[in-house]
Structure formats: structure tokens, C-alpha cells
file coords-v3.csv (CSV, C-alpha atoms)
chain,number,residue,atom,x,y,z
D,93,MET,CA,23.6,15.0,-12.1
D,94,ARG,CA,21.3,16.8,-9.7
D,95,MET,CA,18.6,17.2,-12.5
D,96,THR,CA,18.9,13.5,-13.3
D,97,VAL,CA,18.2,12.5,-9.6
D,98,THR,CA,15.3,14.9,-9.5
D,99,ILE,CA,13.8,13.5,-12.6
D,100,ALA,CA,14.3,9.9,-11.4
D,101,VAL,CA,12.7,10.6,-8.0
D,102,THR,CA,9.8,12.4,-9.7
D,103,LEU,CA,9.3,9.5,-12.1
D,104,ILE,CA,9.4,6.9,-9.4
D,105,ALA,CA,6.9,8.9,-7.3
D,106,ALA,CA,4.5,9.3,-10.3
D,107,LEU,CA,4.7,5.6,-11.2
D,108,THR,CA,4.0,4.4,-7.7
D,109,ALA,CA,1.4,7.1,-6.8
D,110,GLY,CA,-1.2,5.5,-4.5
D,111,CYS,CA,0.0,2.0,-5.5
D,112,ALA,CA,-1.2,0.3,-2.3
D,113,SER,CA,-4.6,1.8,-2.5
D,114,LEU,CA,-5.1,0.8,-6.1
D,115,ILE,CA,-3.9,-2.7,-5.4
D,116,VAL,CA,-6.3,-3.1,-2.5
D,117,HIS,CA,-9.3,-1.7,-4.3
D,118,CYS,CA,-8.8,-3.5,-7.6
D,119,SER,CA,-7.6,-6.9,-6.7
D,120,GLU,CA,-8.9,-10.0,-4.9
D,121,PRO,CA,-7.1,-11.2,-1.7
D,122,PRO,CA,-5.2,-14.5,-1.9
D,123,GLU,CA,-7.2,-17.7,-1.3
D,124,GLY,CA,-8.2,-17.9,2.4
D,125,GLU,CA,-7.1,-14.4,3.3
D,126,LEU,CA,-9.1,-11.3,3.9
D,127,HIS,CA,-7.6,-7.9,3.6
D,128,PRO,CA,-9.4,-4.7,4.4
D,129,LYS,CA,-10.9,-3.3,1.2
D,130,TYR,CA,-12.6,0.0,2.3
D,131,VAL,CA,-12.0,3.2,4.3
D,132,TYR,CA,-8.2,3.9,4.1
D,133,SER,CA,-7.4,0.3,3.5
D,134,GLY,CA,-4.5,1.1,1.1
D,135,THR,CA,-2.9,3.3,3.8
D,136,GLN,CA,-3.3,0.5,6.3
D,137,VAL,CA,-1.6,-2.0,4.0
D,138,SER,CA,1.2,0.5,3.1
D,139,ALA,CA,1.9,1.1,6.8
D,140,GLU,CA,2.0,-2.6,7.4
D,141,GLU,CA,4.5,-3.2,4.5
D,142,ILE,CA,6.7,-0.4,5.8
D,143,ARG,CA,6.7,-2.0,9.3
D,144,ARG,CA,7.5,-5.5,7.8
D,145,THR,CA,10.3,-4.1,5.7
D,146,THR,CA,11.8,-2.2,8.7
D,147,ASP,CA,11.5,-5.3,10.9
D,148,TYR,CA,13.3,-7.4,8.3
D,149,MET,CA,16.1,-4.9,7.8
D,150,ASN,CA,16.6,-4.8,11.6
D,151,SER,CA,16.5,-8.6,12.0
D,152,PRO,CA,19.5,-10.9,12.3
D,153,ARG,CA,18.5,-12.6,9.0
D,154,TYR,CA,19.2,-9.4,7.1
D,155,GLY,CA,22.4,-9.7,5.0
D,156,TYR,CA,22.2,-13.4,4.1
D,157,ASP,CA,19.9,-13.2,1.1
D,158,ALA,CA,21.0,-12.2,-2.5
D,159,PHE,CA,18.2,-9.7,-2.6
D,160,ASP,CA,19.0,-7.9,0.7
D,161,PRO,CA,20.8,-5.0,-1.0
D,162,LEU,CA,17.4,-4.1,-2.6
D,163,TRP,CA,15.5,-3.8,0.7
D,164,PRO,CA,16.6,-0.2,1.5
D,165,PHE,CA,15.4,0.8,-2.0
D,166,ALA,CA,12.1,-1.0,-1.5
D,167,TRP,CA,11.7,0.7,1.9
D,168,PHE,CA,12.4,4.1,0.3
D,169,LEU,CA,9.7,3.4,-2.4
D,170,LEU,CA,7.2,2.4,0.3
D,171,VAL,CA,7.9,5.6,2.3
D,172,VAL,CA,7.6,7.8,-0.8
D,173,ASP,CA,4.3,6.0,-1.8
D,174,PHE,CA,2.7,6.3,1.7
D,175,PRO,CA,1.5,10.0,1.4
D,176,LEU,CA,0.4,9.3,-2.2
D,177,THR,CA,-1.6,6.2,-1.0
D,178,LEU,CA,-3.1,8.4,1.7
D,179,ALA,CA,-4.2,10.9,-0.9
D,180,ALA,CA,-5.6,8.2,-3.1
D,181,ASP,CA,-7.6,6.7,-0.2
D,182,THR,CA,-9.0,10.2,0.5
D,183,LEU,CA,-10.2,10.4,-3.1
D,184,PHE,CA,-11.7,6.9,-2.7
D,185,LEU,CA,-13.4,7.8,0.6
D,186,PRO,CA,-16.9,8.7,-0.8
D,187,TYR,CA,-17.0,5.3,-2.7
D,188,ASP,CA,-15.7,3.4,0.3
D,189,ALA,CA,-18.2,5.1,2.7
D,190,TYR,CA,-21.0,4.2,0.3
D,191,MET,CA,-19.9,0.6,0.0
D,192,VAL,CA,-19.7,0.2,3.8
D,193,THR,CA,-22.9,2.0,4.6
D,194,ILE,CA,-25.5,1.7,1.8
D,195,GLY,CA,-23.7,-0.9,-0.3
D,196,GLY,CA,-24.2,-3.6,2.4
D,197,ARG,CA,-20.6,-4.7,2.5
D,198,ASP,CA,-18.4,-5.1,5.5
D,199,ARG,CA,-14.8,-3.7,5.7
D,200,TYR,CA,-13.5,-6.8,3.9
D,201,GLY,CA,-15.8,-6.5,0.9
D,202,VAL,CA,-18.1,-9.4,1.9
D,203,ILE,CA,-21.8,-8.8,1.4
D,204,GLU,CA,-23.5,-8.8,4.7
D,205,ASP,CA,-26.7,-10.9,5.2
D,206,LYS,CA,-29.7,-8.8,6.2
call {"tool": "encode", "arguments": {"input": "coords-v3.csv", "output": "C-alpha cells"}}
result
Amino acid sequence: MRMTVTIAVTLIAALTAGCASLIVHCSEPPEGELHPKYVYSGTQVSAEEIRRTTDYMNSPRYGYDAFDPLWPFAWFLLVVDFPLTLAADTLFLPYDAYMVTIGGRDRYGVIEDK
């Protein structure tokens, strides 16, 4: 049993490794929204999602939705993914610094007029 739990946790951690960082760097934001795209942006998004999930689980609305039993599991995955996202953002740091300084893009990935 203990080995099964260890394998499951390791597999979940490997599958979600740096997930927020990859999503932020590889996707476009929804129409009309800007999300930070460079310099630890995945870590920022991951921390915001942990805060939102914690706020929802502590709100009076919690417990009235069919998906509410899944929120603690989602919170756990976000917390496990946070250090992995931090590591992935550190690996992306040279690219992010280049894009913000020499690449002529602002923090949101928009090309600045010169």
C-alpha cells in the first residue's frame, strides 16, 4: 500500500512538473486579458491559483457544488506543482530576461514601440 501511494504521488508530481510555467509560456491569454508572460510568470500564476483555491475552500459557498469534494485534491496538486513551477521558471529565466530586455517585449509579451 505504501509503495502504491509513493508511486502515485511521484507520477502526479512528474506529470504536473512546472505545469503553470509551461501553460503561461506556451499559450495565449483569453481574449481581452493579459497575463504576465515573462520572469517567473508561472510562479505568479501558480501562487494566485493556490490563493483562489484556498479562498474558495474557506468561503461559505464551499460544500454546495457537486465538484466541491475535488477541491482539496486540486489544492494539493497546486501545492505540489508550485516548487516544480519555480524550478521551471528558473530554467526559463535566461530566455525571459532576453525577451524583456533585448527582445523588446514588455512583461505581458506585447512588443513595445520604440
call {"tool": "closest_residue", "arguments": {"input": "coords-v3.csv", "among": "D:Asp160, D:Arg94, D:Tyr190, D:Phe174", "to": "Thr135 of chain D", "atoms": "only C-alpha atoms"}}
result
D:Phe174
call {"tool": "axis_aligned_box", "arguments": {"input": "coords-v3.csv", "around": "segment 128-137 of chain D", "padding_each_side": "3 Å", "output": "AutoDock Vina command-line options"}}
result
--center_x -7.1 --center_y -0.4 --center_z 3.7 --size_x 17.0 --size_y 14.6 --size_z 11.2
call {"tool": "residues_around", "arguments": {"input": "coords-v3.csv", "residues": "segment 186-188 of chain D", "least_positions_apart": "2", "cutoff": "9 Å", "atoms": "all atoms listed in the file", "output": "PyMOL selection string"}}
result
chain D and resi 129-132+181-184+190-193+199
call {"tool": "closest_residue", "arguments": {"input": "coords-v3.csv", "among": "D:Ala100, D:Val172, D:Met93, D:Ala179", "to": "Leu114 of chain D", "atoms": "all atoms listed in the file"}}
result
D:Ala179
call {"tool": "atom_distance", "arguments": {"input": "coords-v3.csv", "atom1": "atom CA of Phe168 of chain D", "atom2": "atom CA of Met95 of chain D"}}
result
19.3 Å
call {"tool": "closest_residue", "arguments": {"input": "coords-v3.csv", "among": "D:Val171, D:Leu185, D:Ala166, D:Val97", "to": "Ser138 of chain D", "atoms": "all atoms listed in the file"}}
result
D:Val171
call {"tool": "atom_distance", "arguments": {"input": "coords-v3.csv", "atom1": "atom CA of Ser133 of chain D", "atom2": "atom CA of Ile115 of chain D"}}
result
10.0 Å
